[in-house]
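Q: What follows is a single structure, and I will ask about it in a moment.
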Amino acid sequence: MFKIVTKKELNSTVTLMEIEAPFIAKKARAGQFIIFRIDGLGERIPLTIAGYDREKGTVTIIFQKVGMSTIALGKLNVGDAIADFVGPLGRPSEIEHVKRACVVGGGVGCAIAYPTAKALFEQGSEVDVIAGFRSKDIVILEDEFKAASTNFYMMTDDGSYGEQGFVTAKLQQLLESGRKYDAVFAIGPVPMMKFVSQTTKPFDQKTFVSLNPIMIDGTGMCGGCRVTVGGEVKFACVDGPEFDGHQVDFDELMNRNSIYREREAEETQTHMCRFDKLADELMK
């Protein structure tokens, strides 16, 4: 069992948790992920590692409560424990030779972008961060990004905070001004990563995206997380999750990610815990 040692609500739908997992904390690096199960009957959910403390032996995760398992996880509190917490999985971000980088995060994807920005900044790289949200009320990790960047740009769709516009508008502006990067890291909704990649391609800027396909075992055995990159089939869990954004077939990824959307919505509305069912039977 893996104990929850910290819980913090970042906004109405996004939660930060620090989990006691010393063996994972010892090996974790920016860009990698974990897979958790709340209990032995739960589904396996991948989450990118948002941070780690090797001395405390803890791993930080940030998640949006959108499905049955993440909603259930969000109901747990400090002192509670989850059954499975496996990792670190996947390949870490390729940052060793990056001297100047732009990290672009969208929405809750900023939780994934933050550890990459932090790792780059701590190794002495010059880091521009562009963070995008729909509106001011869902902004997360602003102070953390400011502390881990050379230049920080806040964008909101409705203009309620920072500059109005999409992250691609600011990125386009920076590139057109002559800004050159060793690498651009884009992390967020798939359409956002697609358009970031389209923005950087004419400028011949190396671009990495962190993909989030359907994933089950996290070891490359099931094939559920397959994506097409450069015309070849790759498995996001072992070959990624980061790939060359200019080589990814984003349309295929979006189609595959939507396969179970209706079923997920149905399960969220109709699911009843087995213990609740048992209690109902005993009360009859």
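Every chain in the structure tokens has a letter given in the order shown (A, B, ...), and although residue numbers restart at 1 in each chain, ligands are simply numbered from 1 in the order shown.
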Which residues in segment 47-247 of chain A does DSSP call strand (DSSP E or B)? List them as a PyMOL selection string.
A: chain A and resi 47-53+58-64+81-82+84-89+100-106+126-133+151-156+163-164+183-187+207-210+226-229+232-235+242-244
Q: Hey, what's within 12 Å of Asp128 of chain A if we count only C-alpha atoms and toss same-chain stuff fewer than 3 positions away? As a VMD selection string, please?
A: chain A and resid 99 to 105 113 to 114 116 to 118 120 to 121 125 131 145 to 154 170 to 171 174 to 175 179 to 186
Q: Emit the selected residues as a short mmCIF file (atom, residue, chain, number, x, y, z; two decimals), in the first residue's frame, including C-alpha atoms.
A:
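out.cif written:
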```cif
data_model
loop_
_atom_site.label_atom_id
_atom_site.label_comp_id
_atom_site.auth_asym_id
_atom_site.auth_seq_id
_atom_site.Cartn_x
_atom_site.Cartn_y
_atom_site.Cartn_z
CA LYS A 99 20.91 24.93 -23.52
CA ARG A 100 17.86 26.95 -24.56
CA ALA A 101 14.35 25.53 -24.44
CA CYS A 102 10.72 26.54 -24.70
CA VAL A 103 8.27 24.55 -22.58
CA VAL A 104 4.63 24.88 -23.64
CA GLY A 105 1.91 23.63 -21.31
CA ALA A 113 5.30 20.36 -18.30
CA TYR A 114 6.46 21.67 -14.94
CA THR A 116 10.57 19.23 -17.47
CA ALA A 117 10.91 23.01 -17.10
CA LYS A 118 12.28 22.58 -13.58
CA LEU A 120 16.01 22.15 -17.53
CA PHE A 121 16.30 25.22 -15.32
CA SER A 125 19.41 25.96 -19.33
CA ALA A 131 1.35 28.27 -19.99
CA PHE A 145 6.73 27.93 -13.25
CA LYS A 146 8.00 31.43 -12.55
CA ALA A 147 10.66 29.97 -10.24
CA ALA A 148 11.72 27.46 -12.90
CA SER A 149 11.94 29.69 -15.97
CA THR A 150 13.95 32.52 -17.46
CA ASN A 151 10.87 34.02 -19.11
CA PHE A 152 7.29 33.13 -18.23
CA TYR A 153 4.26 33.86 -20.42
CA MET A 154 0.69 33.32 -19.22
CA LYS A 170 2.79 33.48 -28.21
CA LEU A 171 5.07 30.75 -29.56
CA LEU A 174 8.65 34.43 -30.14
CA LEU A 175 9.82 32.43 -33.15
CA ARG A 179 14.12 33.35 -30.84
CA LYS A 180 15.94 30.05 -31.41
CA TYR A 181 15.64 26.97 -29.24
CA ASP A 182 17.54 23.72 -28.99
CA ALA A 183 14.18 22.09 -28.26
CA VAL A 184 10.52 22.91 -27.74
CA PHE A 185 8.58 20.69 -25.33
CA ALA A 186 4.78 20.73 -25.76
#
```
Q: Give the alpha helix (DSSP H) residues of segment 34-174 of chain A, as DSSP finds them on the backbone, and put them as an MDAnalysis selection string.
A: chainID A and resid 68:74 110:122 142:147 167:174
Q: Can you tell me which residues surround Gly57 of chain A at a distance of at most 9 Å, considering only C-alpha atoms, apart from same-chain residues fewer than 2 positions away, and format the answer as a PyMOL selection string?
A: chain A and resi 19-26+52-55+59
Q: In terms of the shortest atom-to-atom distance over only C-alpha atoms, which of A:Gly178, A:Lys3, A:Glu126, A:Lys65 is closest to Phe85 of chain A?
A: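 Of all the options, A:Lys3 lies closest to Phe85 of chain A.
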Q: Which one of A:Val233, A:Gly109, A:Lys75, A:Glu96 sits closest to Ala50 of chain A if you count only C-alpha atoms?
A: A:Gly109
